[in-house]
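> Below is the file coords.pdb, which contains PDB, C-alpha atoms, pLDDT in the B column.
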```pdb
ATOM      1  CA  MET Q   1      68.091 -33.771 126.562  1.00 40.00           C
ATOM      2  CA  ASN Q   2      68.306 -34.118 122.816  1.00 39.00           C
ATOM      3  CA  ASN Q   3      65.379 -35.537 120.891  1.00 36.00           C
ATOM      4  CA  GLY Q   4      65.862 -39.119 119.975  1.00 33.00           C
ATOM      5  CA  VAL Q   5      68.328 -39.679 122.808  1.00 32.00           C
ATOM      6  CA  LYS Q   6      66.834 -41.406 125.766  1.00 28.00           C
ATOM      7  CA  ILE Q   7      68.844 -42.191 128.897  1.00 27.00           C
ATOM      8  CA  GLY Q   8      67.226 -44.580 131.446  1.00 26.00           C
ATOM      9  CA  ILE Q   9      68.315 -44.172 135.094  1.00 26.00           C
ATOM     10  CA  VAL Q  10      67.284 -46.924 137.639  1.00 27.00           C
ATOM     11  CA  ALA Q  11      67.799 -46.290 141.431  1.00 26.00           C
ATOM     12  CA  VAL Q  12      66.973 -48.951 144.125  1.00 26.00           C
ATOM     13  CA  ILE Q  13      67.036 -48.120 147.925  1.00 26.00           C
ATOM     14  CA  VAL Q  14      66.694 -51.059 150.445  1.00 26.00           C
ATOM     15  CA  ILE Q  15      65.657 -50.119 154.105  1.00 26.00           C
ATOM     16  CA  VAL Q  16      65.615 -52.740 156.952  1.00 25.00           C
ATOM     17  CA  ILE Q  17      63.270 -52.032 159.937  1.00 27.00           C
ATOM     18  CA  GLY Q  18      63.838 -54.007 163.249  1.00 25.00           C
ATOM     19  CA  ALA Q  19      60.705 -55.259 165.038  1.00 25.00           C
ATOM     20  CA  TYR Q  20      60.289 -55.617 168.916  1.00 25.00           C
ATOM     21  CA  PHE Q  21      58.165 -58.331 170.515  1.00 25.00           C
ATOM     22  CA  VAL Q  22      55.742 -57.054 173.195  1.00 26.00           C
ATOM     23  CA  ILE Q  23      55.832 -59.384 176.145  1.00 24.00           C
ATOM     24  CA  LYS Q  24      53.302 -59.560 178.893  1.00 30.00           C
ATOM     25  CA  PRO Q  25      54.706 -57.576 181.827  1.00 33.00           C
ATOM     26  CA  GLU Q  26      54.017 -60.349 184.373  1.00 36.00           C
ATOM     27  CA  GLU Q  27      56.234 -62.711 182.527  1.00 38.00           C
ATOM     28  CA  LYS Q  28      59.801 -62.301 183.248  1.00 38.00           C
ATOM     29  CA  THR Q  29      61.485 -63.378 180.377  1.00 36.00           C
ATOM     30  CA  GLU Q  30      65.063 -62.728 179.885  1.00 39.00           C
ATOM     31  CA  ILE Q  31      65.347 -60.968 176.777  1.00 36.00           C
ATOM     32  CA  GLN Q  32      68.268 -62.071 174.873  1.00 42.00           C
ATOM     33  CA  PRO Q  33      69.565 -59.595 172.468  1.00 43.00           C
ATOM     34  CA  GLU Q  34      68.359 -60.569 169.192  1.00 45.00           C
ATOM     35  CA  GLU Q  35      70.953 -61.231 166.670  1.00 50.00           C
ATOM     36  CA  VAL Q  36      70.659 -58.697 164.037  1.00 45.00           C
ATOM     37  CA  VAL Q  37      71.435 -60.010 160.686  1.00 48.00           C
ATOM     38  CA  PRO Q  38      72.401 -57.229 158.434  1.00 50.00           C
ATOM     39  CA  ALA Q  39      70.065 -56.932 155.537  1.00 48.00           C
ATOM     40  CA  GLN Q  40      71.362 -57.930 152.179  1.00 51.00           C
ATOM     41  CA  ILE Q  41      71.596 -54.889 150.028  1.00 45.00           C
ATOM     42  CA  GLU Q  42      71.123 -55.725 146.438  1.00 51.00           C
ATOM     43  CA  GLN Q  43      73.830 -54.196 144.362  1.00 54.00           C
ATOM     44  CA  VAL Q  44      72.407 -52.348 141.450  1.00 51.00           C
ATOM     45  CA  ILE Q  45      74.635 -51.840 138.461  1.00 55.00           C
ATOM     46  CA  GLU Q  46      73.731 -48.776 136.556  1.00 57.00           C
ATOM     47  CA  PRO Q  47      73.877 -49.275 132.792  1.00 57.00           C
ATOM     48  CA  GLU Q  48      76.412 -47.315 130.855  1.00 59.00           C
ATOM     49  CA  PRO Q  49      74.777 -44.255 129.340  1.00 56.00           C
ATOM     50  CA  GLU Q  50      74.033 -44.746 125.707  1.00 57.00           C
ATOM     51  CA  GLU Q  51      76.351 -43.024 123.334  1.00 59.00           C
ATOM     52  CA  VAL Q  52      74.740 -39.931 121.966  1.00 53.00           C
ATOM     53  CA  VAL Q  53      74.983 -39.904 118.206  1.00 55.00           C
ATOM     54  CA  GLU Q  54      74.435 -36.546 116.619  1.00 56.00           C
ATOM     55  CA  ALA Q  55      71.878 -36.834 113.860  1.00 55.00           C
ATOM     56  CA  GLU Q  56      73.138 -35.645 110.504  1.00 60.00           C
ATOM     57  CA  PRO Q  57      71.142 -32.807 108.984  1.00 56.00           C
ATOM     58  CA  PRO Q  58      68.726 -34.008 106.319  1.00 56.00           C
ATOM     59  CA  THR Q  59      69.950 -33.682 102.790  1.00 59.00           C
ATOM     60  CA  ASP Q  60      68.092 -31.275 100.507  1.00 53.00           C
ATOM     61  CA  PRO Q  61      66.336 -33.405  97.882  1.00 59.00           C
ATOM     62  CA  ARG Q  62      66.182 -30.509  95.438  1.00 60.00           C
ATOM     63  CA  PRO Q  63      68.824 -30.712  92.707  1.00 61.00           C
ATOM     64  CA  VAL Q  64      71.348 -27.920  92.486  1.00 67.00           C
ATOM     65  CA  GLU Q  65      70.411 -25.712  89.571  1.00 77.00           C
ATOM     66  CA  ASP Q  66      72.985 -25.006  86.923  1.00 86.00           C
ATOM     67  CA  PRO Q  67      74.073 -21.344  87.112  1.00 92.00           C
ATOM     68  CA  ILE Q  68      72.863 -19.176  84.267  1.00 94.00           C
ATOM     69  CA  VAL Q  69      74.712 -16.540  82.266  1.00 96.00           C
ATOM     70  CA  LEU Q  70      73.792 -13.221  83.850  1.00 96.00           C
ATOM     71  CA  PRO Q  71      73.125 -10.133  81.731  1.00 95.00           C
ATOM     72  CA  PRO Q  72      75.560  -7.215  81.409  1.00 93.00           C
ATOM     73  CA  GLU Q  73      74.777  -3.778  82.791  1.00 91.00           C
ATOM     74  CA  THR Q  74      74.321  -2.072  79.434  1.00 94.00           C
ATOM     75  CA  LEU Q  75      72.742  -2.940  76.097  1.00 94.00           C
ATOM     76  CA  ASN Q  76      75.783  -1.882  74.112  1.00 92.00           C
ATOM     77  CA  GLU Q  77      77.877  -4.537  75.860  1.00 90.00           C
ATOM     78  CA  SER Q  78      75.348  -7.344  75.603  1.00 94.00           C
ATOM     79  CA  ASP Q  79      76.304  -9.198  72.404  1.00 95.00           C
ATOM     80  CA  ASP Q  80      79.010 -11.387  73.920  1.00 95.00           C
ATOM     81  CA  LYS Q  81      76.872 -12.293  76.926  1.00 95.00           C
ATOM     82  CA  VAL Q  82      73.912 -13.107  74.684  1.00 95.00           C
ATOM     83  CA  MET Q  83      75.968 -15.543  72.636  1.00 95.00           C
ATOM     84  CA  MET Q  84      77.346 -17.143  75.802  1.00 96.00           C
ATOM     85  CA  ALA Q  85      73.808 -17.615  77.104  1.00 96.00           C
ATOM     86  CA  ILE Q  86      72.436 -19.020  73.831  1.00 95.00           C
ATOM     87  CA  GLU Q  87      75.354 -21.402  73.380  1.00 96.00           C
ATOM     88  CA  LYS Q  88      74.764 -22.690  76.893  1.00 95.00           C
ATOM     89  CA  ILE Q  89      70.999 -23.020  76.465  1.00 95.00           C
ATOM     90  CA  SER Q  90      71.042 -24.501  72.967  1.00 96.00           C
ATOM     91  CA  PRO Q  91      74.144 -24.922  70.798  1.00 95.00           C
ATOM     92  CA  THR Q  92      71.813 -25.922  67.971  1.00 96.00           C
ATOM     93  CA  ILE Q  93      70.004 -22.587  67.987  1.00 96.00           C
ATOM     94  CA  ALA Q  94      73.281 -20.704  68.435  1.00 95.00           C
ATOM     95  CA  GLN Q  95      74.311 -21.625  64.875  1.00 95.00           C
ATOM     96  CA  TRP Q  96      71.351 -19.648  63.468  1.00 95.00           C
ATOM     97  CA  VAL Q  97      71.662 -16.570  65.678  1.00 94.00           C
ATOM     98  CA  VAL Q  98      72.598 -13.207  64.204  1.00 91.00           C
ATOM     99  CA  PRO Q  99      74.978 -12.063  66.961  1.00 87.00           C
ATOM    100  CA  GLU Q 100      74.874  -8.278  66.503  1.00 93.00           C
ATOM    101  CA  GLU Q 101      72.326  -6.302  68.571  1.00 95.00           C
ATOM    102  CA  GLN Q 102      70.621  -9.525  69.581  1.00 94.00           C
ATOM    103  CA  VAL Q 103      68.697  -8.082  72.555  1.00 96.00           C
ATOM    104  CA  ARG Q 104      67.254  -5.227  70.502  1.00 96.00           C
ATOM    105  CA  LYS Q 105      66.359  -7.586  67.636  1.00 95.00           C
ATOM    106  CA  LEU Q 106      64.644 -10.013  70.001  1.00 95.00           C
ATOM    107  CA  VAL Q 107      62.613  -7.254  71.614  1.00 96.00           C
ATOM    108  CA  LEU Q 108      61.559  -5.882  68.238  1.00 96.00           C
ATOM    109  CA  ALA Q 109      60.586  -9.359  67.011  1.00 96.00           C
ATOM    110  CA  VAL Q 110      58.421 -10.003  70.084  1.00 96.00           C
ATOM    111  CA  ASP Q 111      56.765  -6.605  69.693  1.00 97.00           C
ATOM    112  CA  LEU Q 112      55.859  -7.442  66.082  1.00 96.00           C
ATOM    113  CA  LEU Q 113      54.626 -10.947  66.970  1.00 96.00           C
ATOM    114  CA  ALA Q 114      52.342  -9.447  69.614  1.00 97.00           C
ATOM    115  CA  ASP Q 115      50.630  -7.597  66.745  1.00 97.00           C
ATOM    116  CA  GLY Q 116      50.516 -10.704  64.566  1.00 97.00           C
ATOM    117  CA  LYS Q 117      53.361  -9.526  62.329  1.00 96.00           C
ATOM    118  CA  LEU Q 118      56.685 -11.092  61.376  1.00 94.00           C
ATOM    119  CA  PRO Q 119      60.092  -9.380  61.422  1.00 90.00           C
ATOM    120  CA  LEU Q 120      61.197  -8.905  57.803  1.00 86.00           C
ATOM    121  CA  ARG Q 121      64.326  -6.944  58.688  1.00 86.00           C
ATOM    122  CA  HIS Q 122      66.584  -7.072  61.747  1.00 87.00           C
ATOM    123  CA  LYS Q 123      65.675 -10.719  62.295  1.00 90.00           C
ATOM    124  CA  PRO Q 124      67.260 -12.342  65.375  1.00 91.00           C
ATOM    125  CA  LEU Q 125      67.623 -15.690  63.549  1.00 92.00           C
ATOM    126  CA  GLU Q 126      68.770 -16.681  60.089  1.00 92.00           C
ATOM    127  CA  TYR Q 127      67.220 -20.117  59.810  1.00 92.00           C
ATOM    128  CA  PRO Q 128      67.614 -21.715  56.353  1.00 91.00           C
ATOM    129  CA  ILE Q 129      64.190 -22.612  54.983  1.00 89.00           C
ATOM    130  CA  PRO Q 130      63.878 -24.525  51.694  1.00 89.00           C
ATOM    131  CA  THR Q 131      61.634 -23.140  48.978  1.00 91.00           C
ATOM    132  CA  PHE Q 132      57.898 -23.519  49.531  1.00 90.00           C
ATOM    133  CA  ALA Q 133      56.688 -26.467  47.432  1.00 93.00           C
ATOM    134  CA  VAL Q 134      53.235 -26.802  45.929  1.00 94.00           C
ATOM    135  CA  GLU Q 135      51.258 -29.373  43.956  1.00 94.00           C
ATOM    136  CA  SER Q 136      49.389 -28.059  40.951  1.00 93.00           C
ATOM    137  CA  LEU Q 137      45.710 -28.957  40.695  1.00 93.00           C
ATOM    138  CA  ASN Q 138      45.182 -26.951  37.517  1.00 90.00           C
ATOM    139  CA  ASP Q 139      46.530 -23.790  35.947  1.00 87.00           C
ATOM    140  CA  ASP Q 140      45.109 -21.562  38.677  1.00 91.00           C
ATOM    141  CA  GLU Q 141      44.904 -23.661  41.861  1.00 94.00           C
ATOM    142  CA  PHE Q 142      47.521 -25.309  43.997  1.00 95.00           C
ATOM    143  CA  VAL Q 143      47.883 -27.057  47.344  1.00 94.00           C
ATOM    144  CA  SER Q 144      50.816 -27.126  49.726  1.00 94.00           C
ATOM    145  CA  GLU Q 145      53.093 -30.163  49.618  1.00 93.00           C
ATOM    146  CA  ASP Q 146      53.195 -32.213  52.817  1.00 89.00           C
ATOM    147  CA  SER Q 147      56.971 -31.829  52.903  1.00 92.00           C
ATOM    148  CA  ASN Q 148      56.661 -28.089  53.641  1.00 92.00           C
ATOM    149  CA  ALA Q 149      55.942 -28.797  57.298  1.00 90.00           C
ATOM    150  CA  GLU Q 150      59.241 -30.621  57.655  1.00 93.00           C
ATOM    151  CA  ARG Q 151      61.156 -27.432  56.869  1.00 93.00           C
ATOM    152  CA  MET Q 152      60.593 -26.230  60.441  1.00 94.00           C
ATOM    153  CA  ASN Q 153      61.277 -29.514  62.246  1.00 95.00           C
ATOM    154  CA  SER Q 154      64.854 -28.707  63.278  1.00 95.00           C
ATOM    155  CA  LEU Q 155      63.980 -25.286  64.675  1.00 95.00           C
ATOM    156  CA  ILE Q 156      60.859 -26.419  66.551  1.00 96.00           C
ATOM    157  CA  ASN Q 157      62.687 -29.438  67.972  1.00 97.00           C
ATOM    158  CA  ALA Q 158      65.581 -27.247  69.141  1.00 97.00           C
ATOM    159  CA  VAL Q 159      63.290 -24.711  70.818  1.00 96.00           C
ATOM    160  CA  THR Q 160      61.087 -27.256  72.575  1.00 97.00           C
ATOM    161  CA  ALA Q 161      64.145 -29.185  73.799  1.00 97.00           C
ATOM    162  CA  ILE Q 162      65.060 -26.278  76.108  1.00 96.00           C
ATOM    163  CA  PRO Q 163      63.631 -26.957  79.584  1.00 96.00           C
ATOM    164  CA  PRO Q 164      60.852 -24.392  80.182  1.00 96.00           C
ATOM    165  CA  LYS Q 165      62.148 -23.771  83.695  1.00 95.00           C
ATOM    166  CA  THR Q 166      65.586 -22.894  82.324  1.00 96.00           C
ATOM    167  CA  MET Q 167      64.025 -20.555  79.809  1.00 95.00           C
ATOM    168  CA  GLY Q 168      62.003 -18.948  82.585  1.00 95.00           C
ATOM    169  CA  ARG Q 169      65.091 -18.387  84.738  1.00 96.00           C
ATOM    170  CA  TYR Q 170      66.846 -16.600  81.892  1.00 96.00           C
ATOM    171  CA  TYR Q 171      63.756 -14.540  81.156  1.00 96.00           C
ATOM    172  CA  GLN Q 172      63.460 -13.342  84.749  1.00 95.00           C
ATOM    173  CA  ALA Q 173      67.184 -12.555  85.022  1.00 96.00           C
ATOM    174  CA  TRP Q 174      67.357 -10.700  81.694  1.00 96.00           C
ATOM    175  CA  LEU Q 175      63.980  -8.958  81.925  1.00 96.00           C
ATOM    176  CA  PRO Q 176      65.344  -5.601  83.216  1.00 96.00           C
ATOM    177  CA  LEU Q 177      67.681  -5.394  80.214  1.00 97.00           C
ATOM    178  CA  LEU Q 178      64.890  -6.436  77.851  1.00 97.00           C
ATOM    179  CA  GLU Q 179      62.649  -3.742  79.332  1.00 97.00           C
ATOM    180  CA  LYS Q 180      65.409  -1.198  78.741  1.00 96.00           C
ATOM    181  CA  ALA Q 181      65.632  -2.216  75.072  1.00 96.00           C
ATOM    182  CA  TYR Q 182      61.854  -2.065  74.776  1.00 97.00           C
ATOM    183  CA  GLY Q 183      61.889   1.440  76.238  1.00 96.00           C
ATOM    184  CA  GLU Q 184      64.041   2.530  73.288  1.00 96.00           C
ATOM    185  CA  LEU Q 185      61.073   1.819  71.001  1.00 95.00           C
ATOM    186  CA  GLY Q 186      59.164   4.634  72.688  1.00 94.00           C
ATOM    187  CA  LYS Q 187      56.340   2.372  73.854  1.00 90.00           C
ATOM    188  CA  GLU Q 188      54.324   3.206  76.973  1.00 88.00           C
ATOM    189  CA  ASP Q 189      53.591  -0.341  78.139  1.00 93.00           C
ATOM    190  CA  GLU Q 190      56.010  -3.035  79.327  1.00 96.00           C
ATOM    191  CA  PHE Q 191      57.916  -5.667  77.414  1.00 97.00           C
ATOM    192  CA  LYS Q 192      56.579  -8.458  79.614  1.00 95.00           C
ATOM    193  CA  THR Q 193      53.072  -7.448  78.525  1.00 96.00           C
ATOM    194  CA  ARG Q 194      54.085  -7.834  74.888  1.00 97.00           C
ATOM    195  CA  VAL Q 195      55.567 -11.246  75.636  1.00 96.00           C
ATOM    196  CA  ASP Q 196      52.235 -12.374  77.093  1.00 96.00           C
ATOM    197  CA  GLU Q 197      50.370 -11.024  74.070  1.00 97.00           C
ATOM    198  CA  ALA Q 198      52.720 -12.750  71.604  1.00 96.00           C
ATOM    199  CA  VAL Q 199      52.441 -16.078  73.444  1.00 96.00           C
ATOM    200  CA  ASN Q 200      48.646 -15.807  73.635  1.00 96.00           C
ATOM    201  CA  ARG Q 201      48.455 -15.105  69.896  1.00 96.00           C
ATOM    202  CA  ILE Q 202      50.388 -18.256  69.115  1.00 96.00           C
ATOM    203  CA  LEU Q 203      48.259 -20.307  71.495  1.00 96.00           C
ATOM    204  CA  ALA Q 204      45.082 -18.948  69.899  1.00 95.00           C
ATOM    205  CA  ALA Q 205      46.039 -19.995  66.363  1.00 93.00           C
ATOM    206  CA  GLU Q 206      43.295 -22.176  64.907  1.00 89.00           C
ATOM    207  CA  ASP Q 207      43.602 -25.258  62.749  1.00 91.00           C
ATOM    208  CA  ILE Q 208      42.804 -25.172  59.066  1.00 92.00           C
ATOM    209  CA  GLU Q 209      42.462 -27.882  56.454  1.00 89.00           C
ATOM    210  CA  GLU Q 210      45.866 -29.010  55.257  1.00 84.00           C
ATOM    211  CA  ASP Q 211      44.695 -29.020  51.629  1.00 88.00           C
ATOM    212  CA  GLU Q 212      43.359 -25.459  51.457  1.00 93.00           C
ATOM    213  CA  ARG Q 213      43.488 -24.163  47.903  1.00 95.00           C
ATOM    214  CA  LEU Q 214      46.241 -21.693  46.985  1.00 96.00           C
ATOM    215  CA  VAL Q 215      46.513 -19.210  44.149  1.00 95.00           C
ATOM    216  CA  GLN Q 216      49.463 -17.265  42.750  1.00 92.00           C
ATOM    217  CA  PRO Q 217      48.336 -13.832  41.618  1.00 91.00           C
ATOM    218  CA  HIS Q 218      51.894 -12.500  41.747  1.00 88.00           C
ATOM    219  CA  VAL Q 219      55.166 -13.936  43.069  1.00 88.00           C
ATOM    220  CA  PHE Q 220      53.905 -15.401  46.330  1.00 90.00           C
ATOM    221  CA  TYR Q 221      51.195 -17.973  46.887  1.00 92.00           C
ATOM    222  CA  GLN Q 222      48.050 -16.886  48.700  1.00 94.00           C
ATOM    223  CA  PHE Q 223      45.013 -18.624  50.123  1.00 96.00           C
ATOM    224  CA  GLU Q 224      42.138 -18.776  47.681  1.00 95.00           C
ATOM    225  CA  ASP Q 225      39.781 -18.306  50.623  1.00 95.00           C
ATOM    226  CA  ASN Q 226      39.992 -14.562  51.259  1.00 95.00           C
ATOM    227  CA  THR Q 227      38.960 -15.057  54.904  1.00 95.00           C
ATOM    228  CA  LEU Q 228      42.135 -17.052  55.515  1.00 96.00           C
ATOM    229  CA  GLU Q 229      44.281 -14.705  53.446  1.00 95.00           C
ATOM    230  CA  GLN Q 230      43.183 -11.777  55.608  1.00 96.00           C
ATOM    231  CA  LYS Q 231      44.505 -13.459  58.727  1.00 96.00           C
ATOM    232  CA  SER Q 232      47.719 -12.198  60.318  1.00 96.00           C
ATOM    233  CA  ALA Q 233      51.161 -13.018  58.980  1.00 96.00           C
ATOM    234  CA  LEU Q 234      51.821 -14.882  62.236  1.00 96.00           C
ATOM    235  CA  ASP Q 235      48.740 -17.093  61.775  1.00 96.00           C
ATOM    236  CA  LYS Q 236      49.777 -17.982  58.231  1.00 95.00           C
ATOM    237  CA  ALA Q 237      53.330 -18.761  59.339  1.00 94.00           C
ATOM    238  CA  LEU Q 238      51.968 -21.094  62.013  1.00 95.00           C
ATOM    239  CA  TRP Q 239      49.821 -22.848  59.406  1.00 94.00           C
ATOM    240  CA  ARG Q 240      52.775 -23.265  57.070  1.00 92.00           C
ATOM    241  CA  MET Q 241      54.820 -25.033  59.730  1.00 93.00           C
ATOM    242  CA  GLY Q 242      52.263 -27.864  59.813  1.00 93.00           C
ATOM    243  CA  LYS Q 243      49.816 -29.113  62.416  1.00 93.00           C
ATOM    244  CA  GLU Q 244      52.314 -31.306  64.288  1.00 95.00           C
ATOM    245  CA  ASN Q 245      54.930 -28.588  64.697  1.00 96.00           C
ATOM    246  CA  ARG Q 246      52.297 -25.996  65.599  1.00 96.00           C
ATOM    247  CA  GLU Q 247      50.772 -28.160  68.322  1.00 96.00           C
ATOM    248  CA  LYS Q 248      54.215 -29.037  69.649  1.00 96.00           C
ATOM    249  CA  LEU Q 249      55.109 -25.348  69.921  1.00 97.00           C
ATOM    250  CA  GLN Q 250      51.781 -24.485  71.543  1.00 96.00           C
ATOM    251  CA  ALA Q 251      52.153 -27.245  74.130  1.00 96.00           C
ATOM    252  CA  TYR Q 252      55.633 -25.968  74.975  1.00 97.00           C
ATOM    253  CA  LEU Q 253      54.420 -22.386  75.390  1.00 96.00           C
ATOM    254  CA  LYS Q 254      51.595 -23.475  77.693  1.00 95.00           C
ATOM    255  CA  GLU Q 255      54.168 -24.981  80.047  1.00 95.00           C
ATOM    256  CA  LEU Q 256      56.551 -22.053  79.633  1.00 95.00           C
ATOM    257  CA  LYS Q 257      53.882 -19.542  80.698  1.00 92.00           C
ATOM    258  CA  PHE Q 258      54.069 -20.989  84.192  1.00 91.00           C
ATOM    259  CA  TYR Q 259      57.689 -19.779  84.528  1.00 92.00           C
ATOM    260  CA  LEU Q 260      57.318 -16.383  82.861  1.00 87.00           C
TER     261      LEU Q 260
END
```
Would you mind writing the structure in this file as structure tokens?

Amino acid sequence: MNNGVKIGIVAVIVIVIGAYFVIKPEEKTEIQPEEVVPAQIEQVIEPEPEEVVEAEPPTDPRPVEDPIVLPPETLNESDDKVMMAIEKISPTIAQWVVPEEQVRKLVLAVDLLADGKLPLRHKPLEYPIPTFAVESLNDDEFVSEDSNAERMNSLINAVTAIPPKTMGRYYQAWLPLLEKAYGELGKEDEFKTRVDEAVNRILAAEDIEEDERLVQPHVFYQFEDNTLEQKSALDKALWRMGKENREKLQAYLKELKFYL
């Protein structure tokens, strides 16, 4: 019997027993046959069995995930698939992508970031950044203009708009190809290890005062405080993007780590 389906069955049986009077033997009493009145048998009407309704299987509350662009088998055939994936993930970022050798460039960039460096050549993105603006305090000292932080707004907003779970799905699917590209660098460890190290470096970046003094000994501006100037190129890039953008990126990476 199926769960949830209950069928009640009622059966009634009526039995009539005839009784004899015992008469004293010395009394002759003509015994008239007793009229037997047939017992009334109550007619029982069985209810119609309830209609069995098959329960519909429960619907899966989980939303159907959008299929991702899967990687090709070889690195040399990856450019088209990379652009398809990036355009699907973020059309905004796709406009800044350098399409040639994208997988190799991405792997190299992550490897450099893990060491606190920035890719100066073979960059995976060509993001237009306005000239760094400063305010002069005197002939030798300067401070960064507040507007410098806004230069990175579009890029940070585009990156953090990608759902971390979606990013994680692509990372897991493309990881074998990324590991293959990393192997071309002749490294002994794994690419996923370098990803963790790069993410942890960004998360560990400390805050500094927004009005730290700058000097210009040559073409580029430097921190007057030599302790800050000796920090990694990655740290200084994170400072230049401004506190709000830096914290927004760090918060995004903390969530993304769960899916990597």
> Of the candidates Q:Leu118, Q:Ile156, Q:Ala149, Q:Leu178, which shows the shortest atom-to-atom distance to Q:Ala133, using only C-alpha atoms?
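Counting only C-alpha atoms, the residue closest to Q:Ala133 is Q:Ala149.
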> Atom CA of Q:Ser78 and atom CA of Q:Tyr170 are how many Å apart?
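Distance reported for this atom pair: 14.1 Å.
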> For Q:Val199, list every protein, DNA or RNA residue within 10 Å, evaluated using only C-alpha atoms, and leave out those in the same chain fewer than 6 positions away; present the list as a list of chain:residue names.
Q:Val110, Q:Leu113, Q:Ala114, Q:Gln250, Q:Leu253, Q:Lys254, Q:Leu256, Q:Lys257
> Can you list, as a PyMOL selection string, the residues that the PyMOL selection byres ((chain Q and resi 67) around 12) selects here?
chain Q and resi 64-66+68-70+85+88-89+166+169-170+173
> May I ask for the distance between atom CA of Q:Leu214 and atom CA of Q:Ser144, given in Å to one decimal place?
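Spanning atom CA of Q:Leu214 to atom CA of Q:Ser144 is a straight-line distance of 7.6 Å.
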> To one decimal in Å, tell me the separation between atom CA of Q:Asp207 and atom CA of Q:Lys231.
12.5 Å
> Show me, as a list of chain:residue names, the residues that have an atom within 9 Å of Q:Lys248 when counting only C-alpha atoms, minus same-chain residues fewer than 4 positions from it.
Q:Ile156, Q:Asn157, Q:Thr160, Q:Lys243, Q:Glu244, Q:Tyr252, Q:Leu253
> Exactly which residues make up the result of the PyMOL selection byres ((chain Q and resi 117) around 7) on this file, given as a ChimeraX atom specification?
/Q:112-113,115-116,118-119,232-234
> Go ahead and save the residues from that selection, with C-alpha atoms, as a CSV table (one decimal), in the frame of the given file.

```
chain,number,residue,atom,x,y,z
Q,112,LEU,CA,55.9,-7.4,66.1
Q,113,LEU,CA,54.6,-10.9,67.0
Q,115,ASP,CA,50.6,-7.6,66.7
Q,116,GLY,CA,50.5,-10.7,64.6
Q,118,LEU,CA,56.7,-11.1,61.4
Q,119,PRO,CA,60.1,-9.4,61.4
Q,232,SER,CA,47.7,-12.2,60.3
Q,233,ALA,CA,51.2,-13.0,59.0
Q,234,LEU,CA,51.8,-14.9,62.2
```
> Ranking Q:Asp235, Q:Glu179, Q:Glu255, Q:Glu209 by minimum distance to Q:Val143 and counting all atoms listed in the file, which one comes first?
Q:Glu209
> Can I get N, CA and C atoms for stretch 81-93 of chain Q, as a PDB file, in the first residue's frame?

```pdb
ATOM      1  N   LYS Q  81      38.490  30.309 -27.416  1.00  0.00           N
ATOM      2  CA  LYS Q  81      37.679  29.870 -26.271  1.00  0.00           C
ATOM      3  C   LYS Q  81      37.818  30.847 -25.104  1.00  0.00           C
ATOM      4  N   VAL Q  82      39.004  31.376 -24.911  1.00  0.00           N
ATOM      5  CA  VAL Q  82      39.212  32.351 -23.832  1.00  0.00           C
ATOM      6  C   VAL Q  82      38.329  33.573 -24.043  1.00  0.00           C
ATOM      7  N   MET Q  83      38.316  34.095 -25.259  1.00  0.00           N
ATOM      8  CA  MET Q  83      37.500  35.274 -25.529  1.00  0.00           C
ATOM      9  C   MET Q  83      36.013  34.972 -25.375  1.00  0.00           C
ATOM     10  N   MET Q  84      35.588  33.777 -25.775  1.00  0.00           N
ATOM     11  CA  MET Q  84      34.195  33.390 -25.584  1.00  0.00           C
ATOM     12  C   MET Q  84      33.844  33.377 -24.100  1.00  0.00           C
ATOM     13  N   ALA Q  85      34.746  32.818 -23.292  1.00  0.00           N
ATOM     14  CA  ALA Q  85      34.507  32.732 -21.855  1.00  0.00           C
ATOM     15  C   ALA Q  85      34.462  34.112 -21.224  1.00  0.00           C
ATOM     16  N   ILE Q  86      35.422  34.980 -21.571  1.00  0.00           N
ATOM     17  CA  ILE Q  86      35.478  36.314 -20.966  1.00  0.00           C
ATOM     18  C   ILE Q  86      34.275  37.154 -21.380  1.00  0.00           C
ATOM     19  N   GLU Q  87      33.885  37.052 -22.642  1.00  0.00           N
ATOM     20  CA  GLU Q  87      32.720  37.817 -23.094  1.00  0.00           C
ATOM     21  C   GLU Q  87      31.440  37.359 -22.403  1.00  0.00           C
ATOM     22  N   LYS Q  88      31.401  36.084 -22.048  1.00  0.00           N
ATOM     23  CA  LYS Q  88      30.225  35.577 -21.331  1.00  0.00           C
ATOM     24  C   LYS Q  88      30.258  35.995 -19.868  1.00  0.00           C
ATOM     25  N   ILE Q  89      31.443  35.949 -19.263  1.00  0.00           N
ATOM     26  CA  ILE Q  89      31.568  36.312 -17.849  1.00  0.00           C
ATOM     27  C   ILE Q  89      31.400  37.808 -17.647  1.00  0.00           C
ATOM     28  N   SER Q  90      32.094  38.600 -18.471  1.00  0.00           N
ATOM     29  CA  SER Q  90      32.060  40.051 -18.304  1.00  0.00           C
ATOM     30  C   SER Q  90      32.380  40.746 -19.617  1.00  0.00           C
ATOM     31  N   PRO Q  91      31.367  41.174 -20.355  1.00  0.00           N
ATOM     32  CA  PRO Q  91      31.617  41.942 -21.581  1.00  0.00           C
ATOM     33  C   PRO Q  91      32.423  43.213 -21.330  1.00  0.00           C
ATOM     34  N   THR Q  92      32.298  43.775 -20.133  1.00  0.00           N
ATOM     35  CA  THR Q  92      33.051  44.983 -19.813  1.00  0.00           C
ATOM     36  C   THR Q  92      34.547  44.704 -19.812  1.00  0.00           C
ATOM     37  N   ILE Q  93      34.941  43.624 -19.144  1.00  0.00           N
ATOM     38  CA  ILE Q  93      36.362  43.278 -19.093  1.00  0.00           C
ATOM     39  C   ILE Q  93      36.867  42.848 -20.468  1.00  0.00           C
TER      40      ILE Q  93
END
```
